[in-house]
Amino acid sequence: MIHHLKGRLVEKNPTHVIIECAGVGYFVNISLHTFSKIVEAENIQLFTHLQVKEDSHSLFGFAEKSEREIFRLLLSVSGIGSSTARTMLSSLDPVQIRDAIANGNAPTIQGIKGIGAKTAQRVILDLKDKILKIYDIDEVSTHSNNTNKDEALSALEVLGFARKQAERVVDKVLGQGPSQSVEDIIKQALKNL
């Protein structure tokens with residue numbers, strides 16, 4: 001119903017923003033990914049998704065159309081609501097979620113807080129074909145060489161390290177030798193974290 005909002009940024013928080021458009025202030029729920037993309041400019045534009053329930057109307061905002069598309073796909077999975085989808089997009093960026101689903105990489109999806117093994121499998125089962133079709137990805141060409149990196153990052157997150165910090169260190173470790181095993185990546189990363 002509401003495609004996007006373009007207006008003055010009144011308030012910015014990690015979970016929501018308030019955008020004033022023509023004198024009306026809109027409370028817009030956002031993910032951490034969108035939060036990181038919003039620059040401290042006076043005017044911003046967010047693509048939106050309006051969720052209507054019998055007891056509430058909630059507006060969700062996204063810095064990129066691709067993030068909104070992933071959000072909507074996640075909502076189509078039984079058992080995943082807006083707060084879980086937003087948590088997923090706060091833990092991983094849209095490309096990481098897309099690739100994890102396309103590759104059938106359940107451990108990456110399971111690494112997200114609140115997502116168990118059954119939910120991760122359901123997400124992959126329900127969305128893999130849609131993701132491959134929408135993004136025109138060949139199953140063979142999906143970058144499986146990043147599987148070790150993804151598994152190492154998931155393990156480091158489980159150990160309590162922040163994803164962005166862990167990702168920087170893992171990228172540095174992989175720069176020294178891209179064909180390392182998951183165990184070697186984790187050991188090297190732990191030395192540098």
# chains A, B, ... in the order shown; residues from 1 in each chain; ligands from 1

call {"tool": "select_by_dssp", "arguments": {"residues": "range 51-165 of chain A", "states": "alpha helix (DSSP H)", "output": "PyMOL selection string"}}
result
chain A and resi 65-75+82-91+94-103+106-110+117-134+147-158+163-165

call {"tool": "residues_around", "arguments": {"residues": "Phe60 in chain A", "least_positions_apart": "5", "cutoff": "7 Å", "atoms": "only C-alpha atoms", "output": "ChimeraX atom specification"}}
result
/A:28-30,48-50

call {"tool": "write_last_selection", "arguments": {"atoms": "N, CA, C and O atoms", "output": "mmCIF file, in the first residue's frame"}}
result
data_model
loop_
_atom_site.group_PDB
_atom_site.id
_atom_site.type_symbol
_atom_site.label_atom_id
_atom_site.label_comp_id
_atom_site.auth_asym_id
_atom_site.auth_seq_id
_atom_site.Cartn_x
_atom_site.Cartn_y
_atom_site.Cartn_z
ATOM 1 N N VAL A 28 8.777 4.095 11.752
ATOM 2 C CA VAL A 28 9.136 3.024 10.823
ATOM 3 C C VAL A 28 10.122 2.073 11.506
ATOM 4 O O VAL A 28 11.196 2.491 11.938
ATOM 5 N N ASN A 29 9.740 0.797 11.606
ATOM 6 C CA ASN A 29 10.629 -0.229 12.156
ATOM 7 C C ASN A 29 11.708 -0.550 11.131
ATOM 8 O O ASN A 29 11.409 -0.705 9.945
ATOM 9 N N ILE A 30 12.961 -0.673 11.585
ATOM 10 C CA ILE A 30 14.067 -0.971 10.669
ATOM 11 C C ILE A 30 14.943 -2.078 11.238
ATOM 12 O O ILE A 30 14.900 -2.380 12.425
ATOM 13 N N THR A 48 9.157 0.674 1.910
ATOM 14 C CA THR A 48 8.385 0.236 3.064
ATOM 15 C C THR A 48 7.542 -1.004 2.803
ATOM 16 O O THR A 48 7.255 -1.358 1.655
ATOM 17 N N HIS A 49 7.190 -1.626 3.896
ATOM 18 C CA HIS A 49 6.249 -2.744 3.897
ATOM 19 C C HIS A 49 5.279 -2.471 5.041
ATOM 20 O O HIS A 49 5.697 -2.292 6.180
ATOM 21 N N LEU A 50 3.991 -2.412 4.731
ATOM 22 C CA LEU A 50 2.968 -2.168 5.746
ATOM 23 C C LEU A 50 2.347 -3.497 6.132
ATOM 24 O O LEU A 50 1.818 -4.219 5.296
#

call {"tool": "residues_around", "arguments": {"residues": "Ala155 in chain A", "least_positions_apart": "5", "cutoff": "12 Å", "atoms": "only C-alpha atoms", "output": "PyMOL selection string"}}
result
chain A and resi 107-112+148-150+160-163+166-167+170+182-183+185-187+189-190

call {"tool": "residues_around", "arguments": {"residues": "Phe62 in chain A", "least_positions_apart": "4", "cutoff": "8 Å", "atoms": "only C-alpha atoms", "output": "PyMOL selection string"}}
result
chain A and resi 30-31+34+46-48+67-68

call {"tool": "write_last_selection", "arguments": {"atoms": "N, CA and C atoms", "output": "PDB file, in the first residue's frame"}}
result
ATOM      1  N   ILE A  30      12.961  -0.673  11.585  1.00  0.00           N
ATOM      2  CA  ILE A  30      14.067  -0.971  10.669  1.00  0.00           C
ATOM      3  C   ILE A  30      14.943  -2.078  11.238  1.00  0.00           C
ATOM      4  N   SER A  31      15.766  -2.663  10.365  1.00  0.00           N
ATOM      5  CA  SER A  31      16.757  -3.653  10.786  1.00  0.00           C
ATOM      6  C   SER A  31      18.081  -2.928  11.029  1.00  0.00           C
ATOM      7  N   THR A  34      19.622  -1.771   7.703  1.00  0.00           N
ATOM      8  CA  THR A  34      19.130  -0.474   7.225  1.00  0.00           C
ATOM      9  C   THR A  34      19.684   0.654   8.077  1.00  0.00           C
ATOM     10  N   LEU A  46      13.091   5.599   2.364  1.00  0.00           N
ATOM     11  CA  LEU A  46      13.065   4.183   2.724  1.00  0.00           C
ATOM     12  C   LEU A  46      11.945   3.487   1.961  1.00  0.00           C
ATOM     13  N   PHE A  47      12.244   2.298   1.459  1.00  0.00           N
ATOM     14  CA  PHE A  47      11.210   1.459   0.863  1.00  0.00           C
ATOM     15  C   PHE A  47      10.470   0.805   2.021  1.00  0.00           C
ATOM     16  N   THR A  48       9.157   0.674   1.910  1.00  0.00           N
ATOM     17  CA  THR A  48       8.385   0.236   3.064  1.00  0.00           C
ATOM     18  C   THR A  48       7.542  -1.004   2.803  1.00  0.00           C
ATOM     19  N   GLU A  67      16.469  -5.726   0.206  1.00  0.00           N
ATOM     20  CA  GLU A  67      16.223  -6.111   1.590  1.00  0.00           C
ATOM     21  C   GLU A  67      14.721  -6.289   1.830  1.00  0.00           C
ATOM     22  N   ARG A  68      13.917  -5.394   1.260  1.00  0.00           N
ATOM     23  CA  ARG A  68      12.465  -5.520   1.407  1.00  0.00           C
ATOM     24  C   ARG A  68      11.976  -6.817   0.761  1.00  0.00           C
TER      25      ARG A  68
END

call {"tool": "residues_around", "arguments": {"residues": "range 128-138 of chain A", "least_positions_apart": "4", "cutoff": "9 Å", "atoms": "only C-alpha atoms", "output": "MDAnalysis selection string"}}
result
chainID A and resid 70 73 98:99 101:104 123:124 142

call {"tool": "residues_around", "arguments": {"residues": "Ala22 in chain A", "least_positions_apart": "3", "cutoff": "10 Å", "atoms": "only C-alpha atoms", "output": "VMD selection string"}}
result
chain A and resid 6 to 8 19 25

call {"tool": "residues_around", "arguments": {"residues": "Lys12 in chain A", "least_positions_apart": "6", "cutoff": "12 Å", "atoms": "only C-alpha atoms", "output": "list in words"}}
result
Ile18, Ile19, Glu20, Tyr26, Phe27, Val28, Asn29, Ile30, Ser31, Leu32, Thr34, Phe35, Ser36, Lys37, Ile38, Val39, Glu40, Ala41, Glu42 and Ile44 of chain A

call {"tool": "atom_distance", "arguments": {"atom1": "CA of Thr147 in chain A", "atom2": "CA of Asn105 in chain A"}}
result
7.8 Å
